[in-house]
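Shown below: model13.csv, with CSV, C-alpha atoms.
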```
chain,number,residue,atom,x,y,z
R,9,MET,CA,0.0,0.0,0.0
R,10,ASP,CA,1.4,3.4,-1.0
R,11,LEU,CA,0.3,4.9,2.3
R,12,TYR,CA,2.5,7.9,2.4
R,13,LYS,CA,2.2,8.8,-1.3
R,14,LYS,CA,-1.6,9.0,-0.9
R,15,TRP,CA,-1.6,10.7,2.5
R,16,CYS,CA,1.2,13.2,2.7
R,17,ASN,CA,3.3,15.7,0.9
R,18,ALA,CA,7.0,14.9,1.4
R,19,THR,CA,10.1,17.2,1.5
R,20,LYS,CA,13.3,15.2,1.2
R,21,ARG,CA,16.9,16.4,1.5
R,22,LYS,CA,19.9,14.2,1.0
R,23,THR,CA,23.6,15.1,1.8
R,24,LYS,CA,25.8,12.1,1.0
R,25,ARG,CA,24.4,9.3,3.2
R,26,LYS,CA,22.2,11.5,5.3
R,27,HIS,CA,18.5,11.7,4.5
R,28,TYR,CA,16.1,14.3,6.1
R,29,TRP,CA,12.4,13.6,5.3
R,30,ILE,CA,9.4,15.7,6.4
R,31,TYR,CA,5.9,14.5,5.8
R,32,VAL,CA,2.8,16.8,6.1
R,33,GLU,CA,-0.8,15.6,5.5
R,34,LYS,CA,-2.3,16.6,2.2
R,35,ASN,CA,-5.7,18.2,2.1
R,36,GLY,CA,-8.1,15.2,2.1
R,37,GLY,CA,-5.2,12.8,2.5
R,38,ARG,CA,-6.3,11.4,5.8
R,39,GLU,CA,-9.8,10.6,4.5
R,40,GLU,CA,-8.2,8.8,1.5
R,41,ILE,CA,-6.1,6.5,3.7
R,42,ARG,CA,-8.2,6.2,6.9
R,43,ASP,CA,-9.8,2.8,6.1
R,44,ALA,CA,-6.6,1.3,4.7
R,45,LEU,CA,-4.5,2.5,7.6
R,46,ALA,CA,-7.0,1.0,10.1
R,47,LYS,CA,-6.7,-2.3,8.3
R,48,THR,CA,-2.9,-2.0,8.3
R,49,MET,CA,-2.9,-1.3,12.1
R,50,ARG,CA,-5.0,-4.5,12.7
R,51,SER,CA,-2.4,-6.5,10.7
R,52,HIS,CA,0.4,-5.4,13.1
R,53,TYR,CA,-1.5,-6.9,16.0
R,54,ASP,CA,-2.9,-10.0,14.4
R,55,ARG,CA,-3.0,-11.8,11.0
R,56,LEU,CA,-5.9,-10.5,9.0
R,57,ASP,CA,-7.0,-14.0,8.0
R,58,ARG,CA,-7.4,-14.9,11.7
R,59,ILE,CA,-9.5,-11.8,12.3
R,60,ALA,CA,-11.7,-12.9,9.3
R,61,GLN,CA,-12.0,-16.4,10.8
R,62,ASP,CA,-13.2,-14.8,14.1
R,63,VAL,CA,-15.8,-12.9,12.2
R,64,GLU,CA,-17.0,-16.0,10.4
R,65,ARG,CA,-17.3,-18.0,13.6
R,66,LEU,CA,-18.5,-15.4,16.0
R,67,GLY,CA,-19.8,-12.4,14.1
R,68,TYR,CA,-18.5,-8.9,13.9
R,69,LYS,CA,-19.2,-7.8,17.5
R,70,LEU,CA,-17.4,-10.7,19.2
R,71,ALA,CA,-14.6,-10.7,16.7
R,72,ALA,CA,-14.0,-7.0,17.5
R,73,THR,CA,-13.9,-7.9,21.2
R,74,ILE,CA,-11.0,-10.3,20.5
R,75,LEU,CA,-9.2,-7.7,18.5
R,76,ARG,CA,-9.7,-5.0,21.1
R,77,GLU,CA,-8.1,-7.2,23.8
R,78,GLN,CA,-4.9,-7.1,21.7
R,79,LEU,CA,-4.8,-3.3,21.1
R,80,PRO,CA,-3.4,-0.8,23.7
R,81,GLN,CA,-6.0,1.2,25.6
R,82,THR,CA,-3.7,3.9,27.2
R,83,LYS,CA,-2.8,7.1,25.4
R,84,LYS,CA,0.9,6.4,25.9
R,85,GLY,CA,0.7,2.9,24.6
R,86,ARG,CA,-1.4,3.8,21.6
R,87,SER,CA,1.0,6.7,20.7
R,88,GLY,CA,4.1,4.5,20.9
R,89,ASP,CA,2.5,1.7,18.9
R,90,LEU,CA,1.2,3.9,16.1
R,91,GLY,CA,4.6,5.6,15.8
R,92,GLU,CA,6.2,2.1,15.4
R,93,ILE,CA,3.5,1.0,12.9
R,94,LEU,CA,3.9,4.1,10.7
R,95,ALA,CA,7.7,3.8,10.8
R,96,THR,CA,7.5,0.2,9.7
R,97,GLU,CA,5.3,1.1,6.8
R,98,LEU,CA,7.6,3.9,5.7
R,99,VAL,CA,10.6,1.6,5.6
R,100,GLU,CA,8.9,-0.9,3.4
R,101,GLU,CA,7.3,1.8,1.2
R,102,GLU,CA,10.3,4.2,0.7
R,103,ILE,CA,13.5,2.2,1.4
R,104,GLY,CA,12.6,-1.2,0.1
R,105,LEU,CA,13.8,-3.3,3.0
R,106,ARG,CA,11.4,-5.6,4.7
R,107,VAL,CA,10.5,-5.3,8.3
R,108,PRO,CA,9.8,-9.0,8.3
R,109,VAL,CA,8.2,-9.5,11.8
R,110,ARG,CA,5.2,-7.5,13.1
R,111,ARG,CA,6.5,-7.6,16.6
R,112,LEU,CA,3.4,-6.0,18.2
R,113,ARG,CA,1.8,-9.4,17.8
R,114,TYR,CA,4.1,-10.7,20.5
R,115,LYS,CA,3.6,-8.1,23.3
R,116,ASP,CA,3.5,-9.4,26.9
R,117,GLY,CA,0.6,-7.0,27.6
R,118,ARG,CA,-1.3,-4.8,25.3
R,119,ASN,CA,-0.4,-1.6,27.3
R,120,MET,CA,3.3,-2.6,27.8
R,121,ALA,CA,6.1,-1.3,25.6
R,122,MET,CA,8.3,-4.0,24.1
R,123,ARG,CA,12.0,-4.0,24.9
R,124,GLY,CA,14.7,-3.9,22.2
R,125,ASP,CA,15.0,-2.2,18.9
R,126,ASP,CA,11.7,-0.6,17.8
R,127,PHE,CA,12.0,-2.0,14.3
R,128,ILE,CA,14.5,-3.9,12.2
R,129,GLY,CA,14.6,-3.8,8.4
R,130,ALA,CA,16.4,-6.5,6.5
R,131,GLY,CA,17.2,-7.4,2.9
R,132,TYR,CA,20.0,-8.0,0.5
R,133,GLY,CA,22.1,-5.5,-1.5
R,134,GLY,CA,25.6,-4.6,-2.1
R,135,ASP,CA,27.7,-4.9,-5.3
R,136,GLY,CA,26.7,-8.6,-5.7
R,137,HIS,CA,23.1,-7.9,-4.6
R,138,ASN,CA,23.3,-10.8,-2.2
R,139,ASP,CA,24.9,-9.2,0.9
R,140,LEU,CA,22.8,-8.9,4.0
R,141,TRP,CA,21.6,-5.3,4.6
R,142,LEU,CA,20.1,-4.2,7.9
R,143,LEU,CA,18.3,-1.1,9.2
R,144,LYS,CA,18.1,-0.3,12.9
R,145,GLY,CA,15.1,1.9,13.8
R,146,GLU,CA,13.9,4.0,16.7
R,147,ALA,CA,10.3,5.5,16.7
R,148,LYS,CA,9.1,8.3,18.8
R,149,SER,CA,5.5,9.7,18.9
R,150,ASN,CA,5.0,12.9,20.9
R,151,LYS,CA,2.5,15.7,21.0
R,152,VAL,CA,5.5,18.0,21.6
R,153,LEU,CA,8.8,16.7,20.3
R,154,SER,CA,11.8,17.9,22.3
R,155,ASN,CA,15.6,17.9,22.3
R,156,ALA,CA,15.6,15.3,25.1
R,157,THR,CA,13.5,12.8,23.1
R,158,VAL,CA,15.7,13.1,20.0
R,159,ALA,CA,18.9,12.8,22.0
R,160,ASN,CA,17.5,9.7,23.8
R,161,ALA,CA,16.6,8.1,20.5
R,162,ARG,CA,20.0,8.7,19.0
R,163,LYS,CA,21.6,7.2,22.2
R,164,VAL,CA,19.5,4.0,21.7
R,165,LEU,CA,20.5,3.8,18.0
R,166,ASN,CA,24.2,4.1,18.9
R,167,ARG,CA,24.1,1.3,21.4
R,168,ASP,CA,25.9,-2.0,20.6
R,169,SER,CA,28.3,0.0,18.3
R,170,GLY,CA,25.3,0.9,16.2
R,171,ARG,CA,24.3,-2.7,15.5
R,172,CYS,CA,20.9,-4.2,16.0
R,173,THR,CA,20.8,-5.4,19.5
R,174,PRO,CA,21.5,-9.2,19.8
R,175,ASP,CA,18.2,-10.0,21.6
R,176,SER,CA,16.2,-8.0,19.0
R,177,LEU,CA,18.0,-9.7,16.1
R,178,ALA,CA,17.5,-13.1,17.6
R,179,PHE,CA,13.8,-12.5,18.2
R,180,VAL,CA,13.3,-11.5,14.5
R,181,ALA,CA,15.4,-14.4,13.3
R,182,ASN,CA,13.6,-17.0,15.4
R,183,ARG,CA,10.2,-15.8,14.2
R,184,LEU,CA,11.3,-16.2,10.6
R,185,LEU,CA,12.7,-19.6,11.2
R,186,GLU,CA,9.2,-20.7,12.4
R,187,SER,CA,7.9,-19.9,8.9
R,188,ASN,CA,7.3,-22.5,6.1
R,189,ASP,CA,8.5,-20.0,3.5
R,190,ALA,CA,12.0,-20.8,2.2
R,191,GLY,CA,12.9,-17.2,1.8
R,192,ASP,CA,11.9,-16.3,5.3
R,193,MET,CA,13.9,-19.3,6.7
R,194,ALA,CA,17.0,-18.3,4.7
R,195,LEU,CA,16.7,-14.7,6.0
R,196,GLY,CA,16.1,-15.9,9.5
R,197,ARG,CA,19.2,-18.1,9.4
R,198,ASP,CA,21.3,-15.2,8.2
R,199,LEU,CA,20.0,-12.9,10.9
R,200,ARG,CA,20.5,-15.6,13.6
R,201,ASP,CA,24.1,-16.0,12.4
R,202,GLN,CA,24.7,-12.3,12.9
R,203,VAL,CA,24.0,-12.6,16.6
R,204,ALA,CA,27.4,-14.4,16.8
R,205,LEU,CA,29.3,-13.3,13.7
R,206,LYS,CA,28.6,-9.6,13.8
R,207,ASN,CA,30.3,-9.3,10.4
R,208,VAL,CA,27.9,-7.0,8.5
R,209,PRO,CA,29.9,-3.8,8.3
R,210,ALA,CA,28.5,-0.5,9.5
R,211,SER,CA,28.1,0.7,5.9
R,212,ARG,CA,25.3,-1.9,5.5
R,213,ILE,CA,23.5,-1.2,8.8
R,214,ASP,CA,21.4,1.9,8.2
R,215,HIS,CA,19.8,3.9,11.1
R,216,MET,CA,16.3,5.5,11.1
R,217,LEU,CA,15.1,8.0,13.7
R,218,TYR,CA,11.4,8.3,13.0
R,219,THR,CA,9.3,10.9,14.8
R,220,MET,CA,5.6,11.7,14.7
R,221,SER,CA,4.7,14.9,16.4
R,222,GLY,CA,2.1,17.7,16.8
R,223,ASN,CA,4.7,20.5,16.7
R,224,GLY,CA,6.3,19.4,13.5
R,225,PRO,CA,10.0,19.0,12.8
R,226,HIS,CA,11.9,20.2,15.8
R,227,ALA,CA,15.2,21.9,15.2
R,228,SER,CA,17.0,19.2,17.1
R,229,LEU,CA,16.3,16.8,14.3
R,230,GLU,CA,18.6,18.6,11.9
R,231,VAL,CA,21.2,19.1,14.5
R,232,ASP,CA,21.1,15.4,15.3
R,233,LEU,CA,21.4,14.4,11.6
R,234,GLU,CA,24.4,16.8,11.1
R,235,ALA,CA,26.2,15.2,14.0
R,236,ALA,CA,25.6,11.7,12.9
R,237,GLY,CA,28.5,9.7,11.4
R,238,ALA,CA,29.1,9.3,7.7
R,239,ASN,CA,29.8,5.5,7.7
R,240,ARG,CA,26.1,4.5,7.1
R,241,ASP,CA,22.8,5.8,5.7
R,242,HIS,CA,21.0,7.8,8.3
R,243,TYR,CA,17.3,8.6,7.9
R,244,VAL,CA,15.8,11.3,10.1
R,245,VAL,CA,12.1,11.5,9.6
R,246,ASN,CA,9.2,13.7,10.9
R,247,LEU,CA,5.5,13.1,10.3
R,248,HIS,CA,3.8,16.3,11.3
R,249,ILE,CA,0.2,15.6,12.6
R,250,VAL,CA,-1.2,18.9,13.9
R,251,ASP,CA,-4.0,17.1,15.9
R,252,HIS,CA,-1.6,14.5,17.2
R,253,GLN,CA,-3.6,13.2,20.1
R,254,GLU,CA,-7.0,13.3,18.3
R,255,PHE,CA,-5.5,11.5,15.3
R,256,ILE,CA,-4.3,8.6,17.4
R,257,GLU,CA,-7.6,8.3,19.2
R,258,GLU,CA,-9.5,8.4,15.9
R,259,MET,CA,-7.3,5.7,14.2
R,260,PHE,CA,-7.5,3.3,17.1
R,261,GLU,CA,-11.3,3.7,17.2
R,262,LYS,CA,-11.4,3.0,13.5
R,263,ALA,CA,-9.1,0.0,13.9
R,264,GLU,CA,-11.3,-1.5,16.6
R,265,ASP,CA,-14.4,-1.2,14.5
R,266,LEU,CA,-14.8,-4.2,12.3
R,267,GLY,CA,-18.2,-3.1,11.0
R,268,ASN,CA,-21.3,-5.2,10.9
R,269,ASP,CA,-21.7,-6.4,7.4
```

The structure in this file should be written as structure tokens.
Amino acid sequence: MDLYKKWCNATKRKTKRKHYWIYVEKNGGREEIRDALAKTMRSHYDRLDRIAQDVERLGYKLAATILREQLPQTKKGRSGDLGEILATELVEEEIGLRVPVRRLRYKDGRNMAMRGDDFIGAGYGGDGHNDLWLLKGEAKSNKVLSNATVANARKVLNRDSGRCTPDSLAFVANRLLESNDAGDMALGRDLRDQVALKNVPASRIDHMLYTMSGNGPHASLEVDLEAAGANRDHYVVNLHIVDHQEFIEEMFEKAEDLGND
């Protein structure tokens, strides 16, 4: 789904390996993607075919109850989850790497934040087009984005020498190895090997700092990007949602509503 293309106007600036992307909603853009985004949100918490099976067995109302039990109910939980969902969709739409595991399906509790890297992108590239390529991502969603939030996100990205944390990498790898798909299993094996080998160079481990905020692109984002190293691709992103809190509430209400026909 070309979510961002339909929804937002984008301003993109690139200096060598540093990318600064700003997204602002188009007039009417939210209306165009609202239904599709709600469906996408559901898919991050459960497989859509399972939800359809619940509807077939139990009807829309009871199926919606099952889904609702998996979705966060606190403002903080919803804000954080939606930021992570939208970051994941951006990676797959604009960068071309997969975020192969929808990790929100594996939360210990619906209102609890998961530990580890917020999202990991993976794929293959390089001169031979068969070298493992990774992306380590941190997502922040705030009504008012601040210097402290940006600084903390960069600190997390720089942990483990800028590599994906071993526990996060192993989690993604193990979920892929549970698949019956040969491609998923091969990627899972390569990711699991990286927990020990750590031989993917920094030049093939991109970083993304994704922010969604009501106050738009805070000046600290450009300062952060300027200070970032030059040995990898850095993506610093802001999605400006003026009615940040209302948007989150609106979208979770839409995601919880499975309709009645």

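Closest approach to Gly117 in chain R among R:Leu266, R:Leu142, R:Asp198, R:Gln78: R:Gln78, based on all atoms listed in the file.
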
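Computed from the coordinates, the CA of Glu264 in chain R to CA of Arg50 in chain R distance equals 8.0 Å.
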
Hey, which of R:Leu205, R:Leu229, R:Ala190, R:Ala210 ends up closest to Arg171 in chain R? Count only C-alpha atoms. R:Ala210

Could you check which residues have any atom within 12 Å of (-8.3, 8.0, 18.0), counting all atoms listed in the file with coordinates taken straight from the file, and then list them as JSON, numbers by chain? {"R": [42, 46, 80, 81, 82, 83, 86, 87, 90, 251, 252, 253, 254, 255, 256, 257, 258, 259, 260, 261, 262, 263, 264, 265]}

Given only C-alpha atoms as the basis, pick out the residue of R:His215, R:Arg65, R:Lys84, R:Lys14 nearest to Asn150 in chain R. R:Lys84

May I have the protein, DNA and RNA residues with any atom at most 12 Å from the point (12.7, -3.5, 11.8), counting only C-alpha atoms, written as a CSV table (one decimal) with C-alpha atoms, in the coordinates of the input?
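Final file, out_9.csv:
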```
chain,number,residue,atom,x,y,z
R,92,GLU,CA,6.2,2.1,15.4
R,93,ILE,CA,3.5,1.0,12.9
R,94,LEU,CA,3.9,4.1,10.7
R,95,ALA,CA,7.7,3.8,10.8
R,96,THR,CA,7.5,0.2,9.7
R,97,GLU,CA,5.3,1.1,6.8
R,98,LEU,CA,7.6,3.9,5.7
R,99,VAL,CA,10.6,1.6,5.6
R,100,GLU,CA,8.9,-0.9,3.4
R,103,ILE,CA,13.5,2.2,1.4
R,104,GLY,CA,12.6,-1.2,0.1
R,105,LEU,CA,13.8,-3.3,3.0
R,106,ARG,CA,11.4,-5.6,4.7
R,107,VAL,CA,10.5,-5.3,8.3
R,108,PRO,CA,9.8,-9.0,8.3
R,109,VAL,CA,8.2,-9.5,11.8
R,110,ARG,CA,5.2,-7.5,13.1
R,111,ARG,CA,6.5,-7.6,16.6
R,112,LEU,CA,3.4,-6.0,18.2
R,124,GLY,CA,14.7,-3.9,22.2
R,125,ASP,CA,15.0,-2.2,18.9
R,126,ASP,CA,11.7,-0.6,17.8
R,127,PHE,CA,12.0,-2.0,14.3
R,128,ILE,CA,14.5,-3.9,12.2
R,129,GLY,CA,14.6,-3.8,8.4
R,130,ALA,CA,16.4,-6.5,6.5
R,131,GLY,CA,17.2,-7.4,2.9
R,141,TRP,CA,21.6,-5.3,4.6
R,142,LEU,CA,20.1,-4.2,7.9
R,143,LEU,CA,18.3,-1.1,9.2
R,144,LYS,CA,18.1,-0.3,12.9
R,145,GLY,CA,15.1,1.9,13.8
R,146,GLU,CA,13.9,4.0,16.7
R,147,ALA,CA,10.3,5.5,16.7
R,172,CYS,CA,20.9,-4.2,16.0
R,173,THR,CA,20.8,-5.4,19.5
R,176,SER,CA,16.2,-8.0,19.0
R,177,LEU,CA,18.0,-9.7,16.1
R,179,PHE,CA,13.8,-12.5,18.2
R,180,VAL,CA,13.3,-11.5,14.5
R,181,ALA,CA,15.4,-14.4,13.3
R,199,LEU,CA,20.0,-12.9,10.9
R,213,ILE,CA,23.5,-1.2,8.8
R,214,ASP,CA,21.4,1.9,8.2
R,215,HIS,CA,19.8,3.9,11.1
R,216,MET,CA,16.3,5.5,11.1
R,217,LEU,CA,15.1,8.0,13.7
R,218,TYR,CA,11.4,8.3,13.0
```

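Distances from R:Arg200, R:Trp29, R:Leu79, R:Glu101 to Lys13 in chain R were compared using all atoms listed in the file, and the smallest one belongs to R:Glu101.
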
Neighbouring residues of Met193 in chain R were defined as those with any atom within 10 Å, considering all atoms listed in the file; residues of the same chain fewer than 5 positions away were excluded. Please report them as a PyMOL selection string. chain R and resi 181-188+198-199

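The residue that comes closest to Gln202 in chain R, out of R:Ser169, R:Ala178, R:Val245, R:Arg55 and on the basis of all atoms listed in the file, is R:Ala178.
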
Correct to one decimal, the distance CA of Asn239 in chain R-CA of Tyr132 in chain R is 18.2 Å

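Separating CA of Ala194 in chain R from CA of Leu165 in chain R is a distance of 26.0 Å.
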
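The shortest atom-to-atom distance to Val244 in chain R, with only C-alpha atoms taken into account, belongs to R:Thr219 out of R:Asn268, R:Thr219, R:Ser149, R:Asn160.
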